[in-house]
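Data block for protein_2.cif (mmCIF, C-alpha atoms):
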data_work
#
loop_
_atom_site.label_atom_id
_atom_site.label_comp_id
_atom_site.auth_asym_id
_atom_site.auth_seq_id
_atom_site.Cartn_x
_atom_site.Cartn_y
_atom_site.Cartn_z
CA MET A 1435 66.03 -204.82 77.87
CA GLU A 1436 68.30 -207.84 78.17
CA THR A 1437 68.76 -207.56 81.92
CA PRO A 1438 65.86 -205.95 83.74
CA THR A 1439 66.80 -203.66 86.55
CA PRO A 1440 65.74 -204.61 90.09
CA GLU A 1441 63.26 -201.75 90.09
CA GLN A 1442 61.59 -203.12 86.99
CA VAL A 1443 61.47 -206.59 88.50
CA ALA A 1444 60.04 -205.27 91.74
CA ARG A 1445 57.36 -203.33 89.92
CA ALA A 1446 56.40 -206.20 87.62
CA LEU A 1447 56.30 -208.60 90.55
CA ALA A 1448 54.12 -206.25 92.58
CA GLU A 1449 51.70 -205.89 89.68
CA LEU A 1450 51.53 -209.62 89.12
CA VAL A 1451 50.97 -210.36 92.77
CA GLN A 1452 48.32 -207.68 93.15
CA GLU A 1453 46.44 -208.79 90.06
CA ALA A 1454 46.48 -212.42 91.14
CA LEU A 1455 45.28 -211.51 94.61
CA MET A 1456 42.50 -209.40 93.18
CA ARG A 1457 41.37 -212.44 91.19
CA GLY A 1458 41.45 -214.39 94.43
CA GLU A 1459 44.40 -216.52 93.37
CA SER A 1460 47.51 -217.20 95.35
CA VAL A 1461 51.00 -216.58 94.04
CA HIS A 1462 54.07 -218.52 94.97
CA VAL A 1463 57.25 -216.49 94.63
CA PRO A 1464 60.15 -218.93 94.60
CA GLY A 1465 62.65 -218.25 97.32
CA LEU A 1466 60.30 -215.95 99.20
CA GLY A 1467 56.91 -217.44 99.96
CA THR A 1468 53.27 -217.49 98.94
CA PHE A 1469 50.90 -214.56 98.77
CA TYR A 1470 47.25 -215.45 99.12
CA VAL A 1471 43.88 -213.99 100.01
CA ASP A 1472 42.61 -214.60 103.51
CA HIS A 1473 38.83 -214.31 103.58
CA ARG A 1474 37.15 -213.35 106.82
CA GLY A 1475 33.43 -213.85 107.00
CA SER A 1476 31.14 -211.32 108.54
CA THR A 1477 31.00 -211.33 112.31
CA THR A 1478 28.66 -209.99 114.93
CA GLU A 1479 29.83 -208.29 118.07
CA ARG A 1480 27.61 -207.72 121.07
CA LEU A 1481 28.26 -204.46 122.82
CA PRO A 1482 27.82 -204.22 126.58
CA ASP A 1483 24.83 -201.89 126.13
CA GLY A 1484 22.90 -204.55 124.22
CA ARG A 1485 23.49 -203.25 120.74
CA VAL A 1486 24.91 -205.58 118.13
CA VAL A 1487 27.54 -204.59 115.60
CA LEU A 1488 27.57 -206.45 112.29
CA HIS A 1489 31.05 -206.42 110.80
CA PRO A 1490 31.13 -206.95 107.05
CA PRO A 1491 33.18 -209.70 105.45
CA ARG A 1492 36.57 -208.82 104.03
CA ASP A 1493 39.45 -210.19 102.04
CA LEU A 1494 42.90 -209.65 103.46
CA PRO A 1495 46.19 -210.07 101.68
CA ALA A 1496 48.29 -212.63 103.52
CA PHE A 1497 51.66 -214.24 103.15
CA THR A 1498 53.27 -217.50 104.16
CA PRO A 1499 57.06 -217.54 104.06
CA GLU A 1500 58.74 -220.35 102.26
CA ALA A 1501 60.17 -222.94 104.57
CA SER A 1502 63.93 -222.70 104.37
CA MET B 325 52.89 -222.06 89.77
CA SER B 326 56.33 -220.57 89.89
CA ALA B 327 56.88 -221.42 86.24
CA SER B 328 53.79 -219.49 85.26
CA LEU B 329 54.94 -216.63 87.47
CA ILE B 330 58.30 -216.55 85.69
CA ASN B 331 56.60 -216.63 82.31
CA GLN B 332 54.25 -213.83 83.24
CA LEU B 333 57.14 -211.85 84.62
CA ALA B 334 59.13 -212.38 81.44
CA GLU B 335 56.18 -211.30 79.36
CA ARG B 336 55.74 -208.18 81.38
CA LEU B 337 59.43 -207.31 81.39
CA GLY B 338 59.80 -208.09 77.71
CA CYS B 339 62.68 -210.49 78.11
CA PRO B 340 63.20 -214.24 77.82
CA PRO B 341 62.03 -216.33 80.78
CA GLU B 342 65.58 -217.28 81.68
CA ALA B 343 66.55 -213.66 82.06
CA ALA B 344 63.39 -212.98 84.08
CA GLU B 345 64.11 -215.90 86.38
CA ALA B 346 67.67 -214.75 86.89
CA ALA B 347 66.53 -211.22 87.59
CA LEU B 348 63.89 -212.46 90.03
CA ARG B 349 66.43 -214.66 91.79
CA GLN B 350 68.76 -211.72 92.08
CA TYR B 351 66.00 -209.53 93.43
CA ILE B 352 64.90 -212.13 96.00
CA ALA B 353 68.49 -212.65 97.07
CA ARG B 354 68.83 -208.94 97.66
CA LEU B 355 65.61 -208.93 99.64
CA GLN B 356 66.78 -211.83 101.80
CA GLU B 357 70.07 -210.09 102.38
CA GLN B 358 68.33 -206.93 103.41
CA LEU B 359 66.05 -208.94 105.70
CA ALA B 360 69.00 -210.63 107.34
CA GLN B 361 70.78 -207.34 107.91
CA GLU B 362 67.98 -204.95 108.82
CA GLY B 363 65.18 -207.32 109.75
CA ARG B 364 62.89 -205.47 107.36
CA ALA B 365 62.59 -205.23 103.61
CA SER B 366 60.27 -203.28 101.38
CA LEU B 367 58.30 -204.77 98.51
CA PRO B 368 57.32 -201.64 96.62
CA GLY B 369 53.68 -201.69 95.67
CA LEU B 370 52.91 -204.58 98.01
CA GLY B 371 54.11 -203.85 101.52
CA HIS B 372 56.89 -204.78 103.87
CA LEU B 373 58.43 -208.01 105.01
CA VAL B 374 59.42 -207.99 108.66
CA ARG B 375 61.53 -210.62 110.32
CA SER B 376 60.20 -211.47 113.76
CA GLU B 377 60.63 -214.32 116.21
CA GLU B 378 57.84 -216.31 114.60
CA GLY B 379 59.42 -215.94 111.20
CA LEU B 380 58.78 -213.72 108.24
CA ARG B 381 55.75 -211.50 108.52
CA PHE B 382 54.12 -209.57 105.70
CA GLU B 383 52.62 -206.16 106.34
CA PRO B 384 50.55 -205.19 103.31
CA ASP B 385 50.31 -201.61 102.15
CA ALA B 386 46.94 -199.96 102.53
CA SER B 387 46.63 -199.74 98.76
CA LEU B 388 47.14 -203.49 98.37
CA ALA B 389 44.73 -204.26 101.19
CA GLN B 390 42.08 -202.07 99.61
CA ALA B 391 42.67 -203.53 96.18
CA VAL B 392 42.40 -207.10 97.46
CA ASN B 393 39.26 -206.23 99.41
CA HIS B 394 37.59 -204.75 96.32
CA ARG B 395 34.67 -207.17 96.54
CA PHE B 396 33.67 -205.79 99.93
CA ALA B 397 34.86 -202.25 99.44
CA GLY B 398 32.72 -199.64 101.11
CA LEU B 399 31.02 -202.00 103.51
CA GLU B 400 30.89 -200.52 106.96
CA PRO B 401 30.05 -202.12 110.28
CA VAL B 402 26.37 -201.73 111.08
CA VAL B 403 25.15 -201.13 114.61
CA VAL B 404 21.78 -202.67 115.32
CA GLU B 405 19.71 -201.33 118.19
CA PRO B 406 17.99 -203.91 120.36
CA PRO B 407 14.20 -203.98 120.10
CA SER B 408 12.80 -201.54 122.64
CA ALA B 409 11.45 -202.92 125.90
CA GLN B 410 8.06 -201.30 125.22
CA ALA B 411 7.53 -203.49 122.21
CA TYR B 412 7.78 -206.52 124.46
CA ARG B 413 5.44 -205.05 127.04
CA LYS B 414 2.67 -204.52 124.55
CA THR B 415 2.46 -208.18 123.73
CA GLU B 416 2.53 -209.06 127.40
CA VAL B 417 -0.12 -206.56 128.38
CA VAL B 418 -2.69 -207.69 125.85
CA PRO B 419 -3.54 -211.01 127.48
CA PRO B 420 -3.74 -210.28 131.21
CA GLU B 421 -6.71 -212.55 131.84
CA GLY B 422 -5.26 -215.48 133.70
CA GLU B 423 -3.28 -214.66 136.80
CA GLU B 424 -0.60 -217.26 136.65
CA THR B 425 3.07 -217.40 135.97
CA GLU B 426 4.33 -215.40 133.04
CA ALA B 427 5.28 -218.41 131.02
CA SER B 428 1.81 -219.88 131.22
CA LYS B 429 0.39 -216.46 130.41
CA GLU B 430 2.39 -216.31 127.25
CA LEU B 431 1.37 -219.79 126.28
CA GLU B 432 -2.29 -219.08 126.87
CA THR B 433 -2.27 -215.86 124.98
CA ALA B 434 -0.50 -217.52 122.14
CA GLU B 435 -3.23 -220.16 122.06
CA GLU B 436 -5.98 -217.62 122.24
CA VAL B 437 -4.52 -215.53 119.51
CA SER B 438 -4.04 -218.50 117.27
CA THR B 439 -7.42 -220.11 117.91
CA SER B 440 -9.70 -217.11 118.01
CA PRO B 441 -9.54 -216.42 114.28
CA PHE B 442 -10.49 -220.03 113.65
CA TYR B 443 -13.64 -219.69 115.69
CA GLU B 444 -14.67 -216.72 113.72
CA VAL B 445 -13.59 -217.68 110.26
CA GLU B 446 -14.14 -221.38 109.96
CA PRO B 447 -17.79 -221.67 111.00
CA GLU B 448 -18.66 -218.94 108.56
CA THR B 449 -17.62 -220.83 105.48
CA PRO B 450 -19.74 -223.89 106.35
CA ARG B 451 -22.63 -221.57 107.22
CA VAL B 452 -22.61 -220.19 103.76
CA GLU B 453 -22.25 -223.42 101.91
CA VAL B 454 -23.74 -226.17 103.98
CA PRO B 455 -27.11 -225.03 105.38
CA PRO B 456 -28.87 -224.01 102.18
CA PRO B 457 -28.31 -227.34 100.41
CA THR B 458 -29.06 -229.42 103.49
CA GLU B 459 -32.21 -227.49 104.26
CA SER B 460 -33.68 -227.26 100.82
CA PRO B 461 -33.49 -230.90 99.81
CA GLU B 462 -34.70 -232.12 103.14
CA GLU B 463 -37.62 -229.75 103.09
CA VAL B 464 -38.66 -230.98 99.74
CA GLU B 465 -38.19 -234.66 100.36
CA GLU B 466 -39.33 -235.24 103.85
CA ALA B 467 -42.28 -234.26 105.90
CA ALA B 468 -42.61 -231.45 108.42
CA SER B 469 -40.94 -233.62 111.04
CA ALA B 470 -37.92 -233.84 108.84
CA VAL B 471 -38.04 -230.08 108.36
CA GLU B 472 -37.89 -229.72 112.10
CA GLU B 473 -34.85 -231.85 112.23
CA ALA B 474 -33.13 -229.99 109.46
CA PRO B 475 -33.02 -226.65 111.27
CA THR B 476 -31.57 -228.45 114.23
CA THR B 477 -28.62 -229.57 112.21
CA PRO B 478 -27.33 -226.12 111.23
CA PRO B 479 -27.02 -224.77 114.81
CA PRO B 480 -24.33 -227.25 115.78
CA GLU B 481 -22.30 -226.21 112.77
CA PRO B 482 -21.50 -222.65 113.81
CA GLU B 483 -20.26 -223.98 117.12
CA PRO B 484 -16.53 -223.97 117.73
CA GLU B 485 -14.08 -226.81 117.10
CA PRO B 486 -14.54 -227.19 113.41
CA GLU B 487 -12.48 -230.29 112.76
CA PRO B 488 -14.04 -232.75 115.16
CA GLU B 489 -17.40 -231.41 114.10
CA ALA B 490 -16.60 -231.99 110.52
CA SER B 491 -16.31 -235.67 111.18
CA ALA B 492 -19.52 -235.57 113.21
CA GLU B 493 -21.34 -233.86 110.39
CA SER B 494 -20.10 -236.24 107.81
CA ALA B 495 -21.18 -239.06 110.08
CA GLU B 496 -24.62 -237.55 110.55
CA PRO B 497 -25.60 -236.84 107.01
CA THR B 498 -24.35 -240.10 105.55
CA PRO B 499 -27.15 -242.08 107.18
CA PRO B 500 -29.79 -239.79 105.63
CA SER B 501 -28.16 -240.16 102.26
CA PRO B 502 -29.37 -243.76 101.79
CA GLU B 503 -32.95 -242.55 102.38
CA PRO B 504 -32.91 -240.32 99.34
CA SER B 505 -31.01 -242.88 97.32
CA LEU B 506 -32.13 -241.06 94.19
CA ARG B 507 -29.64 -238.36 94.97
CA PRO B 508 -26.08 -239.29 94.44
CA PRO B 509 -24.57 -235.76 94.52
CA ARG B 510 -24.66 -235.51 98.28
CA PRO B 511 -21.72 -237.59 99.28
CA PRO B 512 -19.41 -235.84 96.80
CA ARG B 513 -20.55 -232.51 98.19
CA PHE B 514 -19.43 -233.51 101.63
CA ARG B 515 -16.20 -234.85 100.33
CA VAL B 516 -15.49 -231.49 98.80
CA GLU B 517 -16.25 -229.86 102.11
CA GLU B 518 -13.91 -232.16 103.90
CA GLU B 519 -11.23 -231.39 101.42
CA ARG B 520 -11.75 -227.72 101.98
CA ARG B 521 -11.44 -228.10 105.69
CA ARG B 522 -8.33 -230.16 105.51
CA GLY B 523 -6.64 -227.58 103.35
CA LEU B 524 -5.81 -227.18 99.72
CA PRO B 525 -5.93 -230.30 97.61
CA VAL B 526 -2.68 -231.65 96.29
CA TRP B 527 -3.19 -230.48 92.75
CA VAL B 528 -3.37 -226.78 93.64
CA PRO B 529 0.34 -226.29 94.44
CA ALA B 530 1.19 -228.41 91.43
CA ALA B 531 -0.95 -226.23 89.18
CA LEU B 532 0.56 -223.10 90.68
CA LEU B 533 4.03 -224.46 90.06
CA ILE B 534 3.21 -225.17 86.45
CA VAL B 535 1.78 -221.69 85.97
CA VAL B 536 4.86 -220.09 87.50
CA LEU B 537 7.18 -222.18 85.37
CA GLY B 538 5.20 -221.23 82.30
CA ALA B 539 5.43 -217.56 83.21
CA VAL B 540 9.18 -217.84 83.70
CA ALA B 541 9.54 -219.57 80.37
CA VAL B 542 7.52 -216.88 78.62
CA TRP B 543 9.51 -214.16 80.32
CA PHE B 544 12.75 -215.85 79.32
CA LEU B 545 11.68 -216.15 75.69
CA LEU B 546 10.47 -212.57 75.53
CA PHE B 547 13.26 -210.79 77.33
CA SER B 548 16.35 -212.87 76.84
CA ARG B 549 16.68 -212.11 73.16
CA PRO B 550 16.57 -208.33 73.25
CA SER B 551 19.12 -208.33 76.03
CA GLU B 552 21.64 -210.28 74.01
CA PRO B 553 22.48 -207.54 71.56
CA GLU B 554 22.97 -205.26 74.50
CA VAL B 555 25.40 -207.63 76.08
CA VAL B 556 27.46 -208.13 72.96
CA PRO B 557 28.70 -204.58 72.42
CA PRO B 558 30.23 -203.95 75.88
CA ALA B 559 33.65 -204.92 77.14
CA PRO B 560 35.38 -202.76 74.60
CA SER B 561 38.94 -201.59 74.65
CA GLN B 562 39.94 -198.71 76.82
CA ALA B 563 39.45 -196.22 74.04
CA GLU B 564 35.85 -197.23 73.80
CA VAL B 565 35.27 -197.16 77.51
CA GLN B 566 36.35 -193.59 77.86
CA PRO B 567 33.51 -192.02 75.92
CA THR B 568 31.08 -193.69 78.20
CA THR B 569 32.27 -191.67 81.12
CA PRO B 570 31.01 -188.22 80.13
CA PRO B 571 27.38 -189.14 80.79
CA GLU B 572 28.45 -190.44 84.11
CA THR B 573 30.29 -187.33 85.15
CA THR B 574 27.54 -185.07 83.96
CA ALA B 575 24.94 -187.18 85.65
CA ALA B 576 27.02 -187.16 88.76
CA ALA B 577 27.35 -183.42 88.61
CA ALA B 578 23.64 -183.10 88.05
CA THR B 579 22.75 -185.06 91.15
CA PRO B 580 22.27 -182.73 94.08
CA ALA B 581 24.87 -181.90 96.63
CA ALA B 582 23.61 -184.69 98.83
CA ASP B 583 26.54 -186.61 97.51
CA THR B 584 29.31 -184.18 98.08
CA ALA B 585 31.48 -186.69 96.37
CA VAL B 586 30.60 -185.57 92.98
CA GLU B 587 31.83 -182.10 92.67
CA THR B 588 33.28 -182.65 89.30
CA SER B 589 33.17 -179.21 87.88
CA THR B 590 34.73 -179.77 84.50
CA PRO B 591 34.21 -182.83 82.43
CA THR B 592 37.57 -182.58 80.73
CA ALA B 593 37.77 -181.72 77.09
CA GLU B 594 36.48 -184.91 75.64
CA ALA B 595 35.28 -185.51 72.16
CA PRO B 596 32.58 -188.07 72.83
CA PRO B 597 32.19 -190.44 69.91
CA PRO B 598 28.41 -190.82 69.84
CA PRO B 599 27.93 -194.40 68.65
CA ALA B 600 29.60 -195.98 71.67
CA PRO B 601 26.98 -197.60 73.89
CA PRO B 602 26.97 -196.36 77.47
CA THR B 603 28.68 -199.11 79.40
CA PRO B 604 29.27 -197.56 82.78
CA GLY B 605 32.18 -199.01 84.64
CA ASP B 606 32.15 -199.42 88.35
CA TYR B 607 35.89 -199.55 88.78
CA ALA B 608 38.23 -196.61 88.90
CA LEU B 609 41.88 -196.03 89.65
CA ILE B 610 42.31 -194.11 92.86
CA VAL B 611 45.35 -191.87 92.65
CA GLY B 612 44.89 -190.00 95.90
CA SER B 613 42.84 -190.14 99.06
CA VAL B 614 42.78 -187.14 101.36
CA THR B 615 40.50 -185.79 104.04
CA SER B 616 40.29 -182.27 102.70
CA GLN B 617 38.21 -181.50 99.69
CA ALA B 618 40.46 -178.63 98.62
CA ALA B 619 43.47 -180.91 98.58
CA ALA B 620 41.49 -183.46 96.58
CA GLU B 621 40.57 -180.74 94.09
CA ARG B 622 44.24 -179.82 93.72
CA ILE B 623 45.21 -183.43 93.07
CA ALA B 624 42.34 -183.86 90.66
CA GLU B 625 43.33 -180.69 88.80
CA ARG B 626 46.89 -181.95 88.46
CA PHE B 627 45.73 -185.24 87.00
CA ARG B 628 43.23 -183.55 84.76
CA ARG B 629 46.09 -181.60 83.24
CA THR B 630 48.39 -184.56 82.82
CA LEU B 631 45.63 -186.82 81.52
CA ALA B 632 43.98 -184.21 79.34
CA GLU B 633 45.08 -185.69 76.04
CA ARG B 634 43.95 -189.17 77.05
CA GLY B 635 40.40 -188.06 77.73
CA LEU B 636 40.13 -189.87 81.03
CA PRO B 637 37.61 -188.50 83.49
CA VAL B 638 39.01 -187.42 86.83
CA THR B 639 36.40 -187.26 89.53
CA ILE B 640 36.36 -186.88 93.27
CA VAL B 641 34.48 -189.47 95.24
CA ALA B 642 33.69 -188.77 98.85
CA THR B 643 33.18 -191.69 101.16
CA THR B 644 32.59 -191.53 104.85
CA THR B 645 34.29 -194.32 106.70
CA GLY B 646 34.25 -194.47 110.43
CA GLY B 647 33.04 -190.90 110.80
CA THR B 648 35.71 -189.29 108.62
CA THR B 649 35.04 -188.30 105.07
CA ARG B 650 37.77 -189.12 102.60
CA TYR B 651 37.91 -187.49 99.22
CA ARG B 652 39.30 -189.92 96.70
CA VAL B 653 40.52 -188.84 93.32
CA ALA B 654 39.33 -191.41 90.82
CA VAL B 655 40.73 -191.71 87.30
CA GLY B 656 38.80 -193.41 84.56
CA ARG B 657 35.92 -195.84 84.78
CA TYR B 658 36.39 -199.49 83.91
CA GLY B 659 34.13 -202.49 83.74
CA SER B 660 36.35 -204.83 85.73
CA PRO B 661 39.32 -204.66 88.07
CA GLU B 662 41.46 -206.41 85.45
CA GLU B 663 40.61 -203.73 82.93
CA ALA B 664 41.49 -201.05 85.43
CA LEU B 665 44.81 -202.67 86.24
CA ALA B 666 45.63 -203.00 82.56
CA ALA B 667 44.91 -199.30 82.16
CA LYS B 668 47.11 -198.54 85.12
CA ARG B 669 49.93 -200.45 83.49
CA GLN B 670 49.37 -198.57 80.24
CA LEU B 671 49.37 -195.20 81.92
CA GLY B 672 52.59 -196.23 83.58
CA ASP B 673 54.47 -193.24 84.88
CA VAL B 674 51.58 -190.81 84.85
CA LEU B 675 49.87 -192.47 87.80
CA PRO B 676 51.59 -192.97 91.13
CA PRO B 677 52.81 -196.53 91.62
CA ASP B 678 50.50 -197.03 94.57
CA ALA B 679 47.38 -196.12 92.65
CA TRP B 680 44.78 -198.73 93.48
CA VAL B 681 41.59 -200.02 92.02
CA LEU B 682 38.37 -199.25 93.80
CA ARG B 683 34.86 -200.24 93.01
CA ILE B 684 32.71 -197.16 92.98
CA PRO B 685 29.03 -197.96 93.31
CA SER B 686 27.35 -196.30 90.37
CA THR B 687 24.40 -195.05 92.33
CA THR B 688 24.73 -191.63 90.82
CA GLN B 689 23.74 -192.79 87.39
#
Let me see the file written as structure tokens.
Amino acid sequence: METPTPEQVARALAELVQEALMRGESVHVPGLGTFYVDHRGSTTERLPDGRVVLHPPRDLPAFTPEAS
Amino acid sequence: MSASLINQLAERLGCPPEAAEAALRQYIARLQEQLAQEGRASLPGLGHLVRSEEGLRFEPDASLAQAVNHRFAGLEPVVVEPPSAQAYRKTEVVPPEGEETEASKELETAEEVSTSPFYEVEPETPRVEVPPPTESPEEVEEAASAVEEAPTTPPPEPEPEPEPEASAESAEPTPPSPEPSLRPPRPPRFRVEEERRRGLPVWVPAALLIVVLGAVAVWFLLFSRPSEPEVVPPAPSQAEVQPTTPPETTAAAATPAADTAVETSTPTAEAPPPPAPPTPGDYALIVGSVTSQAAAERIAERFRRTLAERGLPVTIVATTTGGTTRYRVAVGRYGSPEEALAAKRQLGDVLPPDAWVLRIPSTTQ
């Protein structure tokens, strides 16, 4: 286990990022960028026939590339 | 931030941080290379990175998106119908007395509706309280002429406009009060009346507040202690969580077919250790999501076989999103998403890498 294979690294990184995002934290991956949670509040949409649609809030995974 | 990431990575990979950092660097370099060549690179378990004119764009996998959105999982858009036009008409039709513009109509009716109860209610309370005392003392004290006056005083009271009248009344009786100077209780009586007309005295809300606070305190003292021992036992290790699931699956199976979700035929061979307290978990690992129930059963059967020795419950949860029903195969029940992810890591190769955590509302319990 001296040198982890790329697959192992990819898997561990994915797990770490997903767990951090599920906690609502952001993760900075050096050389790549930052993963974070983008929260969208609930919205209302008025349909042309007068009905109103209430869209629930949601959390979206988002990413900002590292400036390079 | 990055240092903690490297440390966590090293911990997870079981190697020194330097090796983890080097491996991560190597992996990122490969990703960047791939991005430069193909304009697209895959982050397994997370999504894809796509190079576009604006820069690097991240397209998350559905499993990641659902896992991140776990707090709002299952929430669907709600369509609200507008109030029917008839409901409006009713309120407009009720007051068609004045023939003026609609706005003035509405205003008038609003006034009438608000004032009419006052006319009826307010004069009644003074009628009950005021006339008997005013009549009886005056009859006793004064002569027949005074008795004649006394009956005249009550009639004005039932008349409308209670507030201005209240002042008029208080003005009227105060002059008589000096005549029977032997009687001090009168003025206080009127003060009480005035207070009643103005509204509740200040001390009433205060007393109510104190009573409510006292009730809350009593409730807290009575019920907080028994709940503590209940809170202490939960949050056990995975082995302890598993036994809790059989009641859930059986309960789920017992609930009628209204929830087609819960067609868990066989609670897998589990030896339920009895002492474990039932701590139902809301979170499960979703290993498959299909639109056909038969396919979901096949997937569930496969996982039941592979997970048989671990004693994890495998259930099918049906959810209707946007008109289509999806049958999700859920493995295990956990108290928190972290717990579920830890279990996923432990199960390792048994579960597909894109298994995701979903909060399953435990309405079936």
Selection: 9 Å around stretch 1435-1447 of chain A, all atoms listed in the file, excl. self and same-chain fewer than 5 positions, as a PyMOL selection string: (chain A and resi 1452+1463) or (chain B and resi 329+333+336-340+343-344+346-348+350-351+367-369+677)
Prev. selection, C-alpha atoms, output as a PDB file, keeping the file's coordinate frame:
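Once written, out.pdb looks like this:
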ATOM      1  CA  GLN A1452      48.320-207.680  93.150  1.00  0.00           C
ATOM      2  CA  VAL A1463      57.250-216.490  94.630  1.00  0.00           C
TER       3      VAL A1463
ATOM      4  CA  LEU B 329      54.940-216.630  87.470  1.00  0.00           C
ATOM      5  CA  LEU B 333      57.140-211.850  84.620  1.00  0.00           C
ATOM      6  CA  ARG B 336      55.740-208.180  81.380  1.00  0.00           C
ATOM      7  CA  LEU B 337      59.430-207.310  81.390  1.00  0.00           C
ATOM      8  CA  GLY B 338      59.800-208.090  77.710  1.00  0.00           C
ATOM      9  CA  CYS B 339      62.680-210.490  78.110  1.00  0.00           C
ATOM     10  CA  PRO B 340      63.200-214.240  77.820  1.00  0.00           C
ATOM     11  CA  ALA B 343      66.550-213.660  82.060  1.00  0.00           C
ATOM     12  CA  ALA B 344      63.390-212.980  84.080  1.00  0.00           C
ATOM     13  CA  ALA B 346      67.670-214.750  86.890  1.00  0.00           C
ATOM     14  CA  ALA B 347      66.530-211.220  87.590  1.00  0.00           C
ATOM     15  CA  LEU B 348      63.890-212.460  90.030  1.00  0.00           C
ATOM     16  CA  GLN B 350      68.760-211.720  92.080  1.00  0.00           C
ATOM     17  CA  TYR B 351      66.000-209.530  93.430  1.00  0.00           C
ATOM     18  CA  LEU B 367      58.300-204.770  98.510  1.00  0.00           C
ATOM     19  CA  PRO B 368      57.320-201.640  96.620  1.00  0.00           C
ATOM     20  CA  GLY B 369      53.680-201.690  95.670  1.00  0.00           C
ATOM     21  CA  PRO B 677      52.810-196.530  91.620  1.00  0.00           C
TER      22      PRO B 677
END
Would you kindly translate the PyMOL selection byres ((chain A and resi 1495) around 8) into the concrete residues it picks from this file, as a PyMOL selection string? (chain A and resi 1455+1469-1472+1493-1494+1496-1497) or (chain B and resi 384+388-389+392)
Work out how far apart atom CA of B:Ala353 and atom CA of A:Glu1500 are and give it in Å to one decimal.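 Spanning atom CA of B:Ala353 to atom CA of A:Glu1500 is a straight-line distance of 13.5 Å.
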Here atom CA of B:Leu373 and atom CA of A:Gly1465 stand apart by 13.5 Å
Residues picked by the PyMOL selection byres ((chain B and resi 380) around 10) here, as an mmCIF file with C-alpha atoms, in the coordinates of the input?
data_model
loop_
_atom_site.group_PDB
_atom_site.id
_atom_site.type_symbol
_atom_site.label_atom_id
_atom_site.label_comp_id
_atom_site.auth_asym_id
_atom_site.auth_seq_id
_atom_site.Cartn_x
_atom_site.Cartn_y
_atom_site.Cartn_z
ATOM 1 C CA LEU A 1466 60.300 -215.950 99.200
ATOM 2 C CA GLY A 1467 56.910 -217.440 99.960
ATOM 3 C CA PHE A 1497 51.660 -214.240 103.150
ATOM 4 C CA THR A 1498 53.270 -217.500 104.160
ATOM 5 C CA PRO A 1499 57.060 -217.540 104.060
ATOM 6 C CA GLU A 1500 58.740 -220.350 102.260
ATOM 7 C CA LEU B 359 66.050 -208.940 105.700
ATOM 8 C CA GLY B 363 65.180 -207.320 109.750
ATOM 9 C CA ARG B 364 62.890 -205.470 107.360
ATOM 10 C CA LEU B 373 58.430 -208.010 105.010
ATOM 11 C CA VAL B 374 59.420 -207.990 108.660
ATOM 12 C CA ARG B 375 61.530 -210.620 110.320
ATOM 13 C CA SER B 376 60.200 -211.470 113.760
ATOM 14 C CA GLU B 377 60.630 -214.320 116.210
ATOM 15 C CA GLU B 378 57.840 -216.310 114.600
ATOM 16 C CA GLY B 379 59.420 -215.940 111.200
ATOM 17 C CA ARG B 381 55.750 -211.500 108.520
ATOM 18 C CA PHE B 382 54.120 -209.570 105.700
ATOM 19 C CA GLU B 383 52.620 -206.160 106.340
#
Reference answer for the PyMOL selection byres ((chain A and resi 1476-1483) around 10), as a list of chain:residue names: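 Applied to this file, the PyMOL selection byres ((chain A and resi 1476-1483) around 10) selects A:His1473, A:Arg1474, A:Gly1475, A:Gly1484, A:Arg1485, A:Val1486, A:Val1487, A:Leu1488, A:His1489, A:Pro1490, A:Pro1491, A:Arg1492, B:Pro401, B:Val402, B:Val403, B:Val404, B:Glu405, B:Pro406.
You can rank B:Gly646, B:Pro407, B:Gly635, B:Gly612 by their closest distance to chain A using only C-alpha atoms, and at the top of that list sits B:Pro407.
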Given the choices B:Thr615, B:Glu335, B:Ala360, B:Ser387, which gets closest to B:Thr645 if the distance is worked out from all atoms listed in the file?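 Result for the nearest residue to B:Thr645: B:Thr615.
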Between B:Arg626, B:Arg395, B:Arg650, B:Arg657, single out the one closest to chain A, counting all atoms listed in the file.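 Ranking B:Arg626, B:Arg395, B:Arg650, B:Arg657 by distance to chain A, first place goes to B:Arg395.
The space between atom CA of B:Ala664 and atom CA of B:Val614 spans 21.2 Å.
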